[in-house]
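For reference, target_32.txt is printed below; it contains compact mmCIF, C-alpha atoms and all ligand atoms.
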```txt
# COMPACT_ATOMS: atom_id res chain seq x y z
CA MET A 1 5.81 -6.32 -0.33
CA THR A 2 4.57 -9.80 -1.09
CA ALA A 3 0.96 -10.22 -2.18
CA ARG A 4 -0.55 -13.68 -1.76
CA LEU A 5 -3.47 -14.53 -4.02
CA VAL A 6 -6.60 -15.36 -2.04
CA GLN A 7 -9.08 -15.54 -4.90
CA SER A 8 -9.31 -14.94 -8.64
CA LEU A 9 -12.85 -14.97 -9.96
CA GLU A 10 -13.95 -14.73 -13.59
CA ILE A 11 -16.49 -11.88 -13.67
CA ALA A 12 -16.75 -11.57 -17.47
CA PRO A 13 -15.10 -13.25 -20.46
CA ASP A 14 -11.32 -12.79 -20.12
CA THR A 15 -11.77 -10.57 -17.06
CA ARG A 16 -11.08 -11.51 -13.45
CA HIS A 17 -11.54 -9.99 -10.03
CA PHE A 18 -8.43 -10.69 -7.91
CA VAL A 19 -8.16 -10.57 -4.12
CA PHE A 20 -4.64 -10.48 -2.64
CA GLU A 21 -3.42 -10.29 0.96
CA ILE A 22 -0.24 -8.38 1.70
CA GLN A 23 1.94 -10.63 3.81
CA GLU A 24 4.04 -8.02 5.62
CA ARG A 25 1.11 -5.87 6.71
CA ASP A 26 -1.96 -5.97 8.92
CA ASP A 27 -3.25 -2.85 7.17
CA PHE A 28 -2.75 -1.47 3.71
CA ASP A 29 -4.22 2.02 3.47
CA TYR A 30 -4.82 3.92 0.25
CA GLN A 31 -7.17 6.43 -1.32
CA PRO A 32 -9.84 4.87 -3.54
CA GLY A 33 -8.78 5.47 -7.15
CA GLN A 34 -5.06 4.86 -6.54
CA PHE A 35 -3.17 1.93 -8.05
CA VAL A 36 -0.53 -0.62 -7.11
CA SER A 37 2.34 -2.03 -9.17
CA LEU A 38 2.85 -5.76 -9.54
CA LEU A 39 6.35 -7.00 -10.37
CA HIS A 40 7.45 -10.32 -11.76
CA GLU A 41 10.50 -11.70 -13.53
CA ILE A 42 9.71 -13.04 -17.00
CA ASP A 43 12.46 -14.44 -19.25
CA GLY A 44 15.11 -12.91 -16.98
CA LYS A 45 13.54 -9.45 -17.15
CA SER A 46 11.68 -7.71 -14.35
CA ILE A 47 8.23 -6.71 -15.58
CA THR A 48 6.21 -4.08 -13.70
CA ARG A 49 2.56 -3.27 -14.43
CA ALA A 50 0.11 -0.92 -12.73
CA TYR A 51 -3.37 -1.97 -11.58
CA SER A 52 -6.11 0.23 -10.16
CA LEU A 53 -7.35 -0.69 -6.71
CA ALA A 54 -10.89 -1.87 -7.37
CA GLY A 55 -12.25 -1.83 -3.80
CA LEU A 56 -11.94 -0.02 -0.49
CA PRO A 57 -9.16 -0.40 2.10
CA ASP A 58 -9.89 -3.60 4.02
CA GLY A 59 -7.15 -4.74 6.41
CA ASN A 60 -4.28 -6.14 4.35
CA ARG A 61 -6.52 -7.07 1.40
CA VAL A 62 -6.42 -5.51 -2.06
CA GLU A 63 -8.89 -6.10 -4.88
CA LEU A 64 -7.91 -5.71 -8.53
CA CYS A 65 -9.79 -6.12 -11.80
CA LEU A 66 -7.84 -7.39 -14.77
CA ASN A 67 -8.29 -7.97 -18.44
CA LEU A 68 -6.35 -10.77 -20.08
CA VAL A 69 -4.18 -9.29 -22.85
CA ASP A 70 -3.57 -12.39 -24.96
CA ASP A 71 -0.10 -11.50 -26.20
CA GLY A 72 0.68 -9.45 -23.10
CA LYS A 73 3.57 -10.10 -20.72
CA LEU A 74 2.23 -9.89 -17.17
CA SER A 75 -1.54 -10.37 -17.44
CA PRO A 76 -1.28 -14.02 -18.70
CA HIS A 77 0.98 -14.78 -15.74
CA LEU A 78 -1.55 -13.23 -13.32
CA PHE A 79 -4.40 -15.18 -14.91
CA ALA A 80 -2.42 -18.41 -14.39
CA MET A 81 -1.83 -17.75 -10.69
CA GLN A 82 -3.52 -20.09 -8.21
CA PRO A 83 -4.72 -19.23 -4.68
CA GLY A 84 -1.69 -19.33 -2.38
CA ASP A 85 0.72 -18.10 -5.11
CA SER A 86 2.58 -14.84 -4.46
CA ILE A 87 3.78 -11.83 -6.42
CA ASP A 88 5.72 -8.68 -5.51
CA LEU A 89 3.61 -5.56 -4.99
CA LYS A 90 4.47 -1.88 -4.55
CA GLY A 91 2.38 1.16 -3.81
CA PRO A 92 -0.10 2.69 -3.40
CA TYR A 93 0.52 5.29 -6.09
CA GLY A 94 -1.36 7.85 -8.11
CA THR A 95 -3.49 10.96 -7.89
CA PHE A 96 -6.62 9.70 -9.68
CA VAL A 97 -8.80 10.31 -6.63
CA PHE A 98 -11.90 12.41 -6.09
CA ARG A 99 -11.25 16.13 -5.59
CA GLU A 100 -13.61 18.28 -3.47
CA PRO A 101 -17.28 17.29 -3.80
CA ARG A 102 -18.72 18.84 -6.98
CA PRO A 103 -21.16 17.80 -9.68
CA THR A 104 -19.27 14.89 -11.22
CA VAL A 105 -19.39 12.85 -14.40
CA MET A 106 -17.25 9.73 -14.72
CA VAL A 107 -16.41 8.08 -18.02
CA ALA A 108 -14.97 4.55 -18.17
CA THR A 109 -14.44 1.84 -20.74
CA GLY A 110 -13.58 -1.78 -19.95
CA THR A 111 -11.49 -2.34 -16.84
CA GLY A 112 -11.23 1.45 -16.58
CA VAL A 113 -14.32 1.20 -14.40
CA ALA A 114 -12.29 -0.50 -11.63
CA PRO A 115 -11.19 2.62 -9.68
CA PHE A 116 -14.72 4.06 -9.71
CA ARG A 117 -16.02 1.08 -7.72
CA GLY A 118 -14.07 2.09 -4.60
CA MET A 119 -14.25 5.83 -5.28
CA LEU A 120 -18.06 5.82 -5.43
CA SER A 121 -18.48 3.42 -2.50
CA ARG A 122 -16.50 5.87 -0.36
CA ARG A 123 -17.86 9.14 -1.73
CA LEU A 124 -21.60 8.56 -2.11
CA PRO A 125 -22.31 7.95 1.60
CA GLN A 126 -20.37 11.19 2.32
CA ASP A 127 -22.01 13.43 -0.29
CA GLU A 128 -25.74 13.20 -0.82
CA THR A 129 -26.10 16.61 -2.46
CA HIS A 130 -23.98 16.75 -5.63
CA PRO A 131 -25.00 14.69 -8.65
CA TYR A 132 -22.66 11.87 -9.76
CA THR A 133 -23.05 10.06 -13.08
CA LEU A 134 -21.02 7.10 -14.34
CA ILE A 135 -21.05 6.46 -18.09
CA PHE A 136 -19.61 2.97 -18.63
CA GLY A 137 -18.93 1.64 -22.12
CA VAL A 138 -18.19 -1.94 -23.11
CA ARG A 139 -18.85 -4.08 -26.16
CA GLU A 140 -21.43 -6.51 -24.86
CA GLU A 141 -23.68 -6.87 -21.84
CA ALA A 142 -21.58 -9.68 -20.31
CA LYS A 143 -18.69 -7.21 -20.03
CA LEU A 144 -20.55 -4.79 -17.76
CA LEU A 145 -18.15 -5.30 -14.87
CA TYR A 146 -19.53 -4.83 -11.35
CA ARG A 147 -22.94 -4.02 -12.82
CA ASN A 148 -24.75 -5.23 -9.67
CA ASP A 149 -22.55 -3.05 -7.47
CA PHE A 150 -23.20 0.09 -9.52
CA GLU A 151 -26.92 -0.66 -9.81
CA ARG A 152 -27.11 -1.14 -6.04
CA LEU A 153 -25.31 2.18 -5.47
CA ALA A 154 -27.79 3.88 -7.83
CA ARG A 155 -30.74 2.40 -5.91
CA THR A 156 -29.42 3.50 -2.53
CA HIS A 157 -28.09 6.95 -3.55
CA PRO A 158 -30.60 9.02 -5.54
CA ASN A 159 -27.82 11.49 -6.50
CA PHE A 160 -25.97 8.73 -8.43
CA ARG A 161 -26.86 7.62 -11.94
CA PHE A 162 -25.32 4.59 -13.67
CA LEU A 163 -25.43 4.78 -17.47
CA PRO A 164 -24.05 1.65 -19.18
CA THR A 165 -23.69 1.70 -22.97
CA LEU A 166 -22.88 -1.15 -25.38
CA THR A 167 -21.15 -0.92 -28.75
CA ARG A 168 -22.24 -4.46 -29.76
CA PRO A 169 -25.64 -4.92 -28.13
CA SER A 170 -27.69 -8.06 -28.55
CA GLU A 171 -31.28 -7.72 -29.79
CA SER A 172 -32.61 -8.06 -26.27
CA TRP A 173 -30.68 -5.02 -24.95
CA THR A 174 -32.96 -2.03 -24.43
CA GLY A 175 -30.43 0.32 -22.80
CA ARG A 176 -28.00 2.83 -24.28
CA THR A 177 -25.85 1.93 -27.26
CA GLY A 178 -22.79 3.40 -28.92
CA ARG A 179 -19.65 4.98 -27.59
CA VAL A 180 -19.29 6.73 -24.25
CA GLN A 181 -18.42 9.99 -26.02
CA SER A 182 -21.87 10.62 -27.49
CA HIS A 183 -23.62 10.04 -24.16
CA LEU A 184 -21.16 12.26 -22.33
CA PHE A 185 -21.71 15.26 -24.62
CA GLU A 186 -25.48 14.80 -24.63
CA LEU A 187 -25.46 14.65 -20.83
CA LEU A 188 -23.24 17.73 -20.42
CA GLY A 189 -25.19 19.92 -22.84
CA ASP A 190 -24.34 23.51 -21.90
CA ARG A 191 -23.24 22.64 -18.38
CA ARG A 192 -19.65 23.54 -17.51
CA GLU A 193 -19.75 23.46 -13.67
CA VAL A 194 -18.89 19.76 -13.68
CA ASP A 195 -15.72 17.78 -12.96
CA VAL A 196 -15.10 14.98 -15.43
CA TYR A 197 -13.11 11.87 -14.42
CA ILE A 198 -11.98 9.62 -17.29
CA CYS A 199 -10.37 6.17 -17.06
CA GLY A 200 -9.48 3.61 -19.72
CA LEU A 201 -7.26 3.13 -22.72
CA LYS A 202 -5.42 6.09 -24.24
CA ALA A 203 -7.47 6.42 -27.43
CA MET A 204 -10.73 7.00 -25.54
CA VAL A 205 -9.17 9.16 -22.80
CA ASP A 206 -7.37 11.46 -25.28
CA ASP A 207 -10.47 11.79 -27.45
CA VAL A 208 -12.70 12.77 -24.51
CA ARG A 209 -10.11 15.20 -23.14
CA ALA A 210 -9.65 16.93 -26.50
CA LYS A 211 -13.40 17.39 -26.93
CA LEU A 212 -13.85 18.68 -23.37
CA LYS A 213 -11.12 21.26 -23.99
CA GLU A 214 -12.84 22.35 -27.21
CA LEU A 215 -16.03 22.81 -25.20
CA GLY A 216 -14.21 25.15 -22.82
CA PHE A 217 -13.60 22.87 -19.84
CA GLU A 218 -10.63 23.94 -17.74
CA ARG A 219 -7.70 21.63 -17.26
CA LYS A 220 -8.39 21.20 -13.52
CA GLN A 221 -11.91 19.96 -14.27
CA ILE A 222 -10.59 17.04 -16.34
CA ILE A 223 -9.05 14.29 -14.21
CA PHE A 224 -7.87 11.18 -16.02
CA GLU A 225 -6.01 7.86 -15.81
CA LYS A 226 -4.64 6.17 -18.94
CA TYR A 227 -4.02 2.43 -18.94
CA ASP A 228 -1.64 2.33 -21.95
C1 LIG A 301 -2.25 3.62 -13.72
C2 LIG A 301 -2.63 2.34 -14.46
C3 LIG A 301 -3.63 1.55 -13.95
C4 LIG A 301 -4.00 0.38 -14.62
N1 LIG A 301 -5.00 -0.37 -14.12
C5 LIG A 301 -5.40 -1.49 -14.76
C6 LIG A 301 -6.48 -2.28 -14.27
O1 LIG A 301 -7.09 -1.95 -13.24
N2 LIG A 301 -6.84 -3.40 -14.95
C7 LIG A 301 -6.18 -3.79 -16.10
O2 LIG A 301 -6.57 -4.83 -16.68
N3 LIG A 301 -5.17 -3.05 -16.59
C8 LIG A 301 -4.74 -1.94 -15.95
N4 LIG A 301 -3.68 -1.22 -16.42
C9 LIG A 301 -2.93 -1.76 -17.57
C10 LIG A 301 -1.85 -2.72 -17.05
O3 LIG A 301 -0.87 -2.00 -16.35
C11 LIG A 301 -1.15 -3.50 -18.17
O4 LIG A 301 -0.79 -2.60 -19.18
C12 LIG A 301 -2.02 -4.58 -18.77
O5 LIG A 301 -2.36 -5.58 -17.78
C13 LIG A 301 -1.30 -5.28 -19.91
O6 LIG A 301 -0.08 -5.77 -19.41
P1 LIG A 301 0.65 -7.01 -20.11
O7 LIG A 301 2.04 -7.08 -19.59
O8 LIG A 301 -0.19 -8.24 -20.03
O9 LIG A 301 0.63 -6.58 -21.63
P2 LIG A 301 1.76 -5.80 -22.44
O10 LIG A 301 2.79 -6.73 -22.91
O11 LIG A 301 2.21 -4.63 -21.66
O12 LIG A 301 0.85 -5.33 -23.68
C14 LIG A 301 0.32 -4.04 -23.72
C15 LIG A 301 -0.92 -4.04 -24.59
O13 LIG A 301 -2.03 -4.26 -23.71
C16 LIG A 301 -3.04 -3.29 -23.97
N5 LIG A 301 -3.75 -3.08 -22.68
C17 LIG A 301 -3.26 -2.51 -21.56
N6 LIG A 301 -4.19 -2.51 -20.58
C18 LIG A 301 -5.28 -3.10 -21.09
C19 LIG A 301 -6.55 -3.39 -20.56
N7 LIG A 301 -6.87 -3.09 -19.28
N8 LIG A 301 -7.46 -3.98 -21.37
C20 LIG A 301 -7.14 -4.30 -22.64
N9 LIG A 301 -5.94 -4.06 -23.21
C21 LIG A 301 -5.02 -3.47 -22.43
C22 LIG A 301 -2.27 -2.07 -24.44
O14 LIG A 301 -3.06 -1.24 -25.23
C23 LIG A 301 -1.13 -2.70 -25.23
O15 LIG A 301 -1.54 -2.91 -26.55
C24 LIG A 301 -3.33 -0.02 -15.81
C25 LIG A 301 -2.29 0.79 -16.29
C26 LIG A 301 -1.96 1.96 -15.64
C27 LIG A 301 -0.84 2.82 -16.20
```
Take the structure in the file and write it out as structure tokens.
Amino acid sequence: MTARLVQSLEIAPDTRHFVFEIQERDDFDYQPGQFVSLLHEIDGKSITRAYSLAGLPDGNRVELCLNLVDDGKLSPHLFAMQPGDSIDLKGPYGTFVFREPRPTVMVATGTGVAPFRGMLSRRLPQDETHPYTLIFGVREEAKLLYRNDFERLARTHPNFRFLPTLTRPSESWTGRTGRVQSHLFELLGDRREVDVYICGLKAMVDDVRAKLKELGFERKQIIFEKYD
């Protein structure tokens, strides 16, 4: 399929929210949490990269959230695209989607928060009973992607808590600090009847998974997506 760029908006330093329209389709359906692949030829080689769908199905539109990897191959090309430019797209793919409603904790770092935006927007209006908590870690406050969206969801759904944490807080920050891991294990305490969804770079995802296993969590309770 061909995806035409409608908008690319800087939402944090080196991070953009992209809106594409799929040319061949009136509708592009997917489950929130899934991803698409973007393909482009660079130096004679076809490069394919995966990107989580950051919104909800909306006609032929898809929303993505991207970090610029300075020495990366595809992300600099995507950051240079102008509205009206096109790129090849395939998908949707992936099984990082909400299972049956259960008490749920989500852990994300950086752009790993992208799939949770659509997942929570779909799930919270459907499930007002189980508790949902999103622990979101970034370096500095300016990198709290979609903060307004998650804060709005927390205001309108009392069973959802949004817990941002910064590893390099400024003096004015009065919220949580440090890595997502410490907040996750404090929050879980002795509770084991919880599904944990993890999304971000491999180092964080593997660390959280290993510790959850040590704590006795079953494999099916740990659902994850690794970006590298
Ligand atoms: C299922 C899946 C979903 C993904 N969803 C997203 C997404 O929603 N948003 C997104 O920005 N990326 C996402 N990625 C990562 C993305 O596919 C690319 O790896 C990333 O854009 C870098 O590609 P590149 O060609 O520019 O860099 P490459 O030349 O491939 O360089 C790879 C380097 O980039 C680092 N890297 C990869 N992803 C990120 C990132 N998000 N932030 C910082 N460093 C990174 C890797 O650790 C590695 O060192 C996802 C990956 C997978 C497998």
Separation of CA of Asp58 (chain A) from CA of Gln126 (chain A) in Å: 18.2 Å
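Counting only C-alpha atoms and all ligand atoms, the residue from A:Arg176, A:Arg4, A:His157, A:Lys202 that sits nearest to ligand LIG 301 (chain A) is A:Lys202.
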Environment of ligand LIG 301 (chain A) within 6 Å, counting only C-alpha atoms and all ligand atoms, reported as a PyMOL selection string: chain A and resi 35+49-52+65-67+69+72-75+111+114+226-228
First collect every listed atom of region 55-74 of chain A; then fit an axis-aligned box around them, widen it by 5 Å on each side, and give centre and edge lengths in Å to one decimal, as JSON.
```
{"center_x": -4.3, "center_y": -6.2, "center_z": -9.9, "size_x": 25.8, "size_y": 22.4, "size_z": 42.6}
```
Point (-19.6, 11.9, -15.6), cut-off 6 Å, counting only C-alpha atoms, residues as a ChimeraX atom specification: /A:104-107,133-134,196
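In this model, the gap between CA of His17 (chain A) and CA of Ile223 (chain A) comes to 24.8 Å.
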